[in-house]
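One file, work_1.txt, carrying compact mmCIF, C-alpha atoms:
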```txt
# COMPACT_ATOMS: atom_id res chain seq x y z
CA MET A 1 39.10 160.22 255.02
CA ASN A 2 36.55 162.16 257.13
CA GLU A 3 35.77 161.10 260.69
CA PHE A 4 33.38 162.70 263.15
CA GLN A 5 32.75 161.52 266.68
CA ALA A 6 30.53 163.04 269.37
CA ILE A 7 31.23 161.78 272.88
CA GLN A 8 28.97 162.33 275.86
CA PRO A 9 30.50 163.61 279.11
CA SER A 10 30.73 161.51 282.26
CA LEU A 11 27.84 161.65 284.73
CA LEU A 12 29.80 164.00 286.97
CA LEU A 13 30.30 166.49 284.14
CA ALA A 14 26.96 166.11 282.32
CA PRO A 15 25.50 169.13 284.20
CA TYR A 16 28.36 171.24 282.83
CA VAL A 17 29.17 169.82 279.37
CA LYS A 18 26.82 169.00 276.47
CA GLN A 19 29.25 167.07 274.25
CA TYR A 20 32.82 166.65 273.09
CA TRP A 21 33.29 166.83 269.32
CA PHE A 22 36.15 165.31 267.33
CA LEU A 23 36.44 166.00 263.60
CA LYS A 24 39.21 164.80 261.29
CA MET A 25 39.36 165.57 257.56
CA GLU A 26 42.31 164.77 255.31
CA ASN A 27 43.50 166.72 252.26
CA VAL A 28 40.59 169.15 252.22
CA SER A 29 41.01 171.49 249.27
CA GLN A 30 38.23 173.79 250.44
CA CYS A 31 35.34 173.18 252.83
CA SER A 32 32.87 175.88 253.81
CA GLN A 33 30.79 175.64 256.96
CA ARG A 34 28.30 178.13 258.35
CA LEU A 35 28.39 178.37 262.14
CA VAL A 36 24.99 179.48 263.44
CA PRO A 37 24.12 180.51 267.01
CA LEU A 38 23.84 177.47 269.30
CA GLY A 39 23.37 179.26 272.61
CA CYS A 40 26.47 177.68 274.17
CA VAL A 41 30.07 178.63 274.81
CA ALA A 42 32.64 176.28 273.24
CA LEU A 43 36.34 175.67 273.81
CA SER A 44 38.01 174.57 270.57
CA PHE A 45 41.40 173.16 269.71
CA TYR A 46 42.50 172.99 266.05
CA ARG A 47 45.37 170.57 265.68
CA GLY A 48 45.61 170.53 261.89
CA HIS A 49 45.80 173.17 259.19
CA GLU A 50 44.77 176.75 259.88
CA THR A 51 41.12 177.79 259.62
CA TYR A 52 39.77 181.03 258.20
CA SER A 53 36.75 183.13 259.03
CA LEU A 54 35.24 184.38 255.79
CA GLN A 55 33.31 187.16 257.48
CA GLU A 56 36.48 188.58 258.95
CA ASP A 57 38.35 189.03 255.66
CA LYS A 58 39.83 185.52 255.84
CA GLN A 59 41.47 186.35 259.14
CA LEU A 60 43.15 183.35 260.73
CA LEU A 61 41.25 182.02 263.70
CA PRO A 62 43.41 181.20 266.75
CA GLN A 63 44.47 177.57 266.80
CA SER A 64 42.88 177.18 270.24
CA HIS A 65 40.15 179.53 271.37
CA ILE A 66 36.99 180.11 273.35
CA TYR A 67 33.99 180.82 271.17
CA GLY A 68 31.44 182.88 273.07
CA ILE A 69 27.71 182.91 272.51
CA LYS A 70 27.07 184.38 269.06
CA THR A 71 24.01 186.35 268.01
CA ASN A 72 24.72 186.04 264.28
CA TYR A 73 26.24 183.53 261.90
CA THR A 74 29.85 183.14 260.79
CA ASP A 75 31.21 181.37 257.71
CA ILE A 76 34.30 179.24 258.23
CA LEU A 77 36.61 178.01 255.47
CA LEU A 78 38.65 174.89 256.25
CA SER A 79 41.50 173.51 254.19
CA GLY A 80 44.36 171.03 254.51
CA ASN A 81 44.36 168.33 257.20
CA ILE A 82 41.76 169.21 259.82
CA ASP A 83 42.02 167.84 263.35
CA PHE A 84 39.46 169.55 265.55
CA ILE A 85 38.41 169.06 269.18
CA CYS A 86 35.55 171.04 270.69
CA ILE A 87 34.10 171.11 274.21
CA VAL A 88 30.49 172.34 274.09
CA PHE A 89 29.44 173.61 277.50
CA GLN A 90 25.99 173.64 279.03
CA PRO A 91 24.70 177.22 278.85
CA PHE A 92 24.55 177.96 282.59
CA SER A 93 27.81 176.38 283.70
CA THR A 94 30.59 177.91 281.62
CA ASN A 95 31.59 180.48 284.23
CA THR A 96 32.67 177.56 286.41
CA PHE A 97 35.74 176.93 284.30
CA PHE A 98 37.16 180.30 283.23
CA LYS A 99 38.69 183.23 285.08
CA MET A 100 37.29 185.86 282.72
CA PRO A 101 33.61 186.86 282.99
CA ILE A 102 31.61 184.86 280.43
CA SER A 103 30.02 188.07 279.16
CA ASP A 104 33.49 189.08 277.90
CA PHE A 105 33.27 186.21 275.39
CA ASN A 106 29.95 187.39 273.92
CA ASN A 107 30.13 187.52 270.09
CA SER A 108 33.88 186.91 270.33
CA CYS A 109 36.48 184.31 269.50
CA ILE A 110 39.26 184.66 272.06
CA SER A 111 42.63 182.92 271.82
CA ILE A 112 43.55 180.98 274.94
CA ASP A 113 47.00 182.57 274.66
CA SER A 114 45.45 185.88 275.69
CA LEU A 115 43.83 184.51 278.86
CA ASN A 116 46.95 184.17 280.99
CA ASP A 117 45.76 180.74 282.10
CA THR A 118 48.64 178.31 282.56
CA GLU A 119 46.41 175.28 283.17
CA LEU A 120 44.47 175.92 279.97
CA TYR A 121 47.69 176.22 278.00
CA GLU A 122 48.89 172.92 279.52
CA LEU A 123 45.60 171.29 278.47
CA GLU A 124 46.22 172.43 274.90
CA GLN A 125 49.70 170.90 274.91
CA ARG A 126 48.50 167.57 276.30
CA LEU A 127 45.73 167.32 273.70
CA ASN A 128 48.18 168.11 270.93
CA ASP A 129 50.27 165.16 272.09
CA THR A 130 47.34 162.71 272.36
CA VAL A 131 45.87 160.88 269.36
CA ASP A 132 43.13 158.68 270.85
CA ASN A 133 39.78 160.46 271.28
CA MET A 134 38.81 158.72 274.51
CA ALA A 135 42.22 159.49 275.98
CA CYS A 136 41.62 163.15 275.06
CA VAL A 137 38.25 163.08 276.82
CA LYS A 138 39.91 161.70 279.95
CA ILE A 139 42.45 164.55 279.90
CA ILE A 140 39.72 167.14 279.33
CA GLU A 141 37.58 165.79 282.16
CA GLN A 142 40.48 165.78 284.59
CA PHE A 143 41.02 169.44 283.75
CA LEU A 144 37.33 170.33 284.17
CA LEU A 145 36.84 168.39 287.40
CA ASN A 146 39.77 170.22 288.93
CA ARG A 147 37.91 173.50 288.33
CA ILE A 148 34.46 172.64 289.63
CA TYR A 149 35.42 173.75 293.14
CA MET A 150 35.10 177.38 291.98
CA LEU A 151 31.38 176.96 291.37
CA ASN A 152 28.88 179.02 293.35
CA GLN A 153 26.47 176.18 294.18
CA TYR A 154 23.56 178.43 295.21
CA GLU A 155 23.72 180.54 292.07
CA ASN A 156 24.15 177.42 289.96
CA LYS A 157 20.91 175.96 291.36
CA ARG A 158 19.15 179.27 290.72
CA MET A 159 20.29 179.34 287.09
CA ASN A 160 19.46 175.66 286.58
CA ALA A 161 15.90 176.42 287.66
CA VAL A 162 15.80 179.18 285.03
CA ALA A 163 17.21 176.79 282.42
CA ASP A 164 14.48 174.26 283.23
CA ALA A 165 11.82 176.96 282.85
CA ILE A 166 13.20 177.99 279.45
CA TYR A 167 13.29 174.34 278.37
CA ARG A 168 9.61 174.02 279.32
CA GLY A 169 8.83 176.98 277.05
CA GLU A 170 8.84 179.98 279.38
CA ASN A 171 9.99 183.04 277.43
CA ASP A 172 8.78 185.92 279.59
CA ILE A 173 11.77 187.58 281.24
CA GLN A 174 9.79 188.76 284.27
CA GLN A 175 8.52 185.23 284.89
CA LEU A 176 12.09 183.90 284.60
CA ALA A 177 13.18 186.53 287.13
CA ASN A 178 10.47 185.25 289.45
CA VAL A 179 11.76 181.69 289.04
CA ALA A 180 15.20 182.93 290.07
CA CYS A 181 13.69 184.90 293.00
CA LEU A 182 15.34 188.06 291.68
CA GLY A 183 14.22 191.51 290.66
CA TYR A 184 13.98 192.22 286.94
CA LYS A 185 17.17 194.29 286.63
CA GLN A 186 19.17 192.07 288.98
CA PHE A 187 18.04 189.00 287.06
CA LYS A 188 19.17 190.43 283.71
CA ARG A 189 22.58 191.26 285.18
CA ILE A 190 23.10 187.85 286.81
CA PHE A 191 21.75 186.03 283.75
CA THR A 192 24.19 187.85 281.47
CA GLU A 193 27.09 187.17 283.86
CA ASN A 194 26.31 183.44 283.85
CA ILE A 195 25.30 182.95 280.20
CA GLY A 196 27.34 185.52 278.32
CA ALA A 197 24.28 186.96 276.56
CA ASN A 198 21.37 189.00 277.84
CA PRO A 199 18.03 187.20 278.38
CA LYS A 200 16.34 188.74 275.33
CA ASP A 201 19.07 187.65 272.91
CA TYR A 202 19.39 184.21 274.50
CA LEU A 203 15.66 183.51 274.24
CA LYS A 204 15.76 184.49 270.55
CA ILE A 205 18.62 182.03 270.00
CA MET A 206 16.72 179.25 271.76
CA ARG A 207 13.66 179.94 269.60
CA PHE A 208 15.82 179.83 266.47
CA GLN A 209 17.40 176.55 267.58
CA LYS A 210 13.97 175.00 268.13
CA LEU A 211 13.04 176.08 264.61
CA HIS A 212 16.33 174.83 263.16
CA GLN A 213 15.95 171.43 264.77
CA LEU A 214 12.42 171.05 263.41
CA MET A 215 13.69 171.94 259.95
CA GLN A 216 16.46 169.36 260.27
CA LYS A 217 13.79 166.71 260.69
CA HIS A 218 12.09 167.79 257.42
CA THR A 219 8.69 167.48 259.11
CA GLY A 220 6.76 169.00 256.19
CA LEU A 221 5.27 171.71 258.40
CA THR A 222 4.40 174.95 256.65
CA VAL A 223 6.18 178.16 257.59
CA SER A 224 3.02 179.37 259.33
CA GLN A 225 2.85 176.14 261.35
CA LEU A 226 6.53 176.41 262.25
CA ALA A 227 5.99 180.01 263.36
CA TYR A 228 3.16 178.94 265.66
CA ASP A 229 5.00 175.92 267.10
CA CYS A 230 8.19 177.89 267.78
CA GLY A 231 6.58 180.99 269.28
CA TYR A 232 7.04 183.55 266.51
CA TYR A 233 4.39 186.25 266.08
CA ASP A 234 3.79 185.33 262.46
CA LYS A 235 5.45 184.02 259.29
CA SER A 236 7.18 187.34 258.58
CA HIS A 237 8.68 187.39 262.07
CA LEU A 238 10.06 183.87 261.60
CA ILE A 239 11.58 184.66 258.21
CA ARG A 240 13.21 187.85 259.51
CA GLU A 241 14.85 186.17 262.51
CA LEU A 242 15.83 183.08 260.51
CA LYS A 243 17.60 185.30 257.99
CA HIS A 244 19.41 187.12 260.81
CA PHE A 245 20.63 183.98 262.60
CA SER A 246 21.37 181.75 259.62
CA GLY A 247 21.45 183.90 256.48
CA PHE A 248 18.89 181.55 254.90
CA THR A 249 15.26 181.71 253.92
CA PRO A 250 13.13 178.79 255.21
CA THR A 251 13.36 176.96 251.87
CA GLN A 252 17.13 177.47 251.66
CA LEU A 253 17.69 176.22 255.21
CA ILE A 254 15.59 173.09 254.69
CA ASP A 255 17.58 172.37 251.52
CA ALA A 256 20.86 172.87 253.39
CA CYS A 257 19.94 170.77 256.43
CA GLU A 258 21.11 167.18 256.68
CA PRO A 259 18.48 165.01 258.40
CA SER A 260 20.03 162.77 261.03
CA CYS A 261 18.60 159.98 263.14
CA SER A 262 21.41 160.39 265.66
CA THR A 263 20.72 162.67 268.60
CA TYR A 264 24.46 163.00 269.17
CA TYR A 265 25.15 164.08 265.59
CA SER A 266 22.18 166.45 265.45
CA LEU A 267 23.74 168.79 268.05
CA PHE A 268 26.73 169.28 265.74
CA ARG A 269 24.38 169.89 262.82
CA SER A 270 22.50 172.44 264.95
CA ALA A 271 25.69 174.49 264.97
CA PHE A 272 27.28 173.82 261.55
CA ILE A 273 25.62 173.89 258.14
CA ASP A 274 27.43 172.85 254.96
CA LEU A 275 27.82 175.55 252.32
CA PRO A 276 28.44 175.05 248.60
CA THR A 277 32.12 174.87 247.66
CA ILE A 278 33.43 178.32 246.75
```

Using structure tokens, write down the structure that the file contains.
Amino acid sequence: MNEFQAIQPSLLLAPYVKQYWFLKMENVSQCSQRLVPLGCVALSFYRGHETYSLQEDKQLLPQSHIYGIKTNYTDILLSGNIDFICIVFQPFSTNTFFKMPISDFNNSCISIDSLNDTELYELEQRLNDTVDNMACVKIIEQFLLNRIYMLNQYENKRMNAVADAIYRGENDIQQLANVACLGYKQFKRIFTENIGANPKDYLKIMRFQKLHQLMQKHTGLTVSQLAYDCGYYDKSHLIRELKHFSGFTPTQLIDACEPSCSTYYSLFRSAFIDLPTI
């Protein structure tokens, strides 16, 4: 039995959290998933069998960990009984909830055991003892709301203005610095501190995600049309960056994508792509 549920955060936490994911899979002999850059930090709790990262010589991933913003893809092998909870944070709000600088998580998967954070460890224990998904969300939101007081409201508004500009299609770093009312170098530093990736890498990820989401919809657009719509210089530029972020050619990615009418489910599919059984 496989069950997936995506739950939206409460109104109070919507500025800070994109979604909560719950995935349960029973008696999985072998399931391969490719995790591609999403542009968000995630806090994950695995309550079932161990998981393995294929790109790290089948090294065991920590049962509970913070997954920083990635600038490349990772293949994950799941087996056994999978019970997975994931908190996907909004890009500009993650530093609200953790004591370590978000930039320390960049391209990393860090066990919560190494963070010396008693409250986070207690959250893990409570989730391990709770079966109902909505009850888990309530526990998670209590934890997150207790940490919002640490937020720098002025800087948060500044970064939200930058996020809005990026969403509208602005991809010039100097113009984004102007939106934030910061000098170029200061903007890059503050952006990296708040996002966990530098502006150049983050904008590339956002461009890739726009492309990926269009491909999920199987729109029938040509590669040249996709390149134009997503802001690539040309078809070759698109293919090169797509290969870097996903490991696929355009044809391979379209074949691998699962079209979904659900907005909630499509966010999960923007991060995970099924791979053939090994």

| task | Please check which residues have atoms at most 7 Å from (33.1, 174.6, 272.4) in the file's coordinates, counting only C-alpha atoms, and write them as a PyMOL selection string. | result | chain A and resi 41-44+66-67+86-89

note - CA of Gln225 (chain A) and CA of Tyr167 (chain A) are separated by 20.0 Å

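Reported to one decimal place, the separation of CA of Asn194 (chain A) from CA of Cys181 (chain A) is 15.7 Å.
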
- [ ] Within 12 Å of Tyr228 (chain A), counting all atoms listed in the file, which residues show up once you throw out same-chain ones fewer than 5 positions away? Write them as a PyMOL selection string, please.
- [x] chain A and resi 207+210-211+221-223+233-238

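For the residues A:Phe84, A:Tyr232, A:Ser93, A:His244, ranking by smallest atom-to-atom distance to Cys136 (chain A) using all atoms listed in the file places A:Phe84 first.
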
Report as a list in words all protein, DNA and RNA residues lying within 8 Å of Ile7 (chain A), evaluated on only C-alpha atoms, omitting residues in the same chain fewer than 2 positions from it.
Gln5, Pro9, Gln19, Tyr20, Trp21 and Tyr264 of chain A

Give me a file of those residues, with C-alpha atoms, as a PDB file, in the coordinates of the input.
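After the write, out14.pdb holds the following:
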```
ATOM      1  CA  GLN A   5      32.750 161.520 266.680  1.00  0.00           C
ATOM      2  CA  PRO A   9      30.500 163.610 279.110  1.00  0.00           C
ATOM      3  CA  GLN A  19      29.250 167.070 274.250  1.00  0.00           C
ATOM      4  CA  TYR A  20      32.820 166.650 273.090  1.00  0.00           C
ATOM      5  CA  TRP A  21      33.290 166.830 269.320  1.00  0.00           C
ATOM      6  CA  TYR A 264      24.460 163.000 269.170  1.00  0.00           C
TER       7      TYR A 264
END
```

Counting all atoms listed in the file, the residue among A:Gln125, A:Val28, A:Arg168, A:Leu61 that lies closest to Gly80 (chain A) is A:Val28

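The space between CA of Phe92 (chain A) and CA of Ala197 (chain A) spans 10.8 Å.
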
**Message:** Within 12 Å of (41.8, 176.4, 283.6) (file coordinates; only C-alpha atoms), which protein or nucleic acid residues are there? I'd like them as JSON, numbers by chain.
**Reply:** {"A": [43, 66, 94, 95, 96, 97, 98, 99, 100, 112, 115, 116, 117, 118, 119, 120, 121, 122, 123, 124, 140, 141, 142, 143, 144, 145, 146, 147, 148, 149, 150]}

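In terms of minimum interatomic distance to Leu242 (chain A), A:Met215 ranks closest within A:Ile85, A:Ile110, A:Leu267, A:Met215, counting all atoms listed in the file.
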
Review point. What's the 6 Å shell around Leu23 (chain A), counting all atoms listed in the file, without same-chain residues fewer than 5 positions away, as JSON, numbers by chain?
Key: {"A": [3, 4, 83, 84]}

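Closest approach to Lys200 (chain A) among A:Lys188, A:His65, A:Lys70, A:Lys217 is made by A:Lys188 (distances from only C-alpha atoms).
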
Query - For Ala177 (chain A): contacts at 12 Å, only C-alpha atoms, fewer than 5 positions along chain excluded, given as a PyMOL selection string - result: chain A and resi 158-159+161-163+165-166+170-172+182-191+199

Go ahead and write the residues just picked, C-alpha atoms, as a PDB file, in the coordinates of the input.
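And here is the file that came out, selection-v7.pdb:
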```pdb
ATOM      1  CA  ARG A 158      19.150 179.270 290.720  1.00  0.00           C
ATOM      2  CA  MET A 159      20.290 179.340 287.090  1.00  0.00           C
ATOM      3  CA  ALA A 161      15.900 176.420 287.660  1.00  0.00           C
ATOM      4  CA  VAL A 162      15.800 179.180 285.030  1.00  0.00           C
ATOM      5  CA  ALA A 163      17.210 176.790 282.420  1.00  0.00           C
ATOM      6  CA  ALA A 165      11.820 176.960 282.850  1.00  0.00           C
ATOM      7  CA  ILE A 166      13.200 177.990 279.450  1.00  0.00           C
ATOM      8  CA  GLU A 170       8.840 179.980 279.380  1.00  0.00           C
ATOM      9  CA  ASN A 171       9.990 183.040 277.430  1.00  0.00           C
ATOM     10  CA  ASP A 172       8.780 185.920 279.590  1.00  0.00           C
ATOM     11  CA  LEU A 182      15.340 188.060 291.680  1.00  0.00           C
ATOM     12  CA  GLY A 183      14.220 191.510 290.660  1.00  0.00           C
ATOM     13  CA  TYR A 184      13.980 192.220 286.940  1.00  0.00           C
ATOM     14  CA  LYS A 185      17.170 194.290 286.630  1.00  0.00           C
ATOM     15  CA  GLN A 186      19.170 192.070 288.980  1.00  0.00           C
ATOM     16  CA  PHE A 187      18.040 189.000 287.060  1.00  0.00           C
ATOM     17  CA  LYS A 188      19.170 190.430 283.710  1.00  0.00           C
ATOM     18  CA  ARG A 189      22.580 191.260 285.180  1.00  0.00           C
ATOM     19  CA  ILE A 190      23.100 187.850 286.810  1.00  0.00           C
ATOM     20  CA  PHE A 191      21.750 186.030 283.750  1.00  0.00           C
ATOM     21  CA  PRO A 199      18.030 187.200 278.380  1.00  0.00           C
TER      22      PRO A 199
END
```

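Among A:Ile82, A:Ala180, A:Leu60, A:Leu226, the residue with the shortest atom-to-atom distance to Ser29 (chain A), counting all atoms listed in the file, is A:Ile82.
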
Closest of A:Arg126, A:Arg240, A:Lys204, A:His212 to Ala271 (chain A), counting only C-alpha atoms, is A:His212
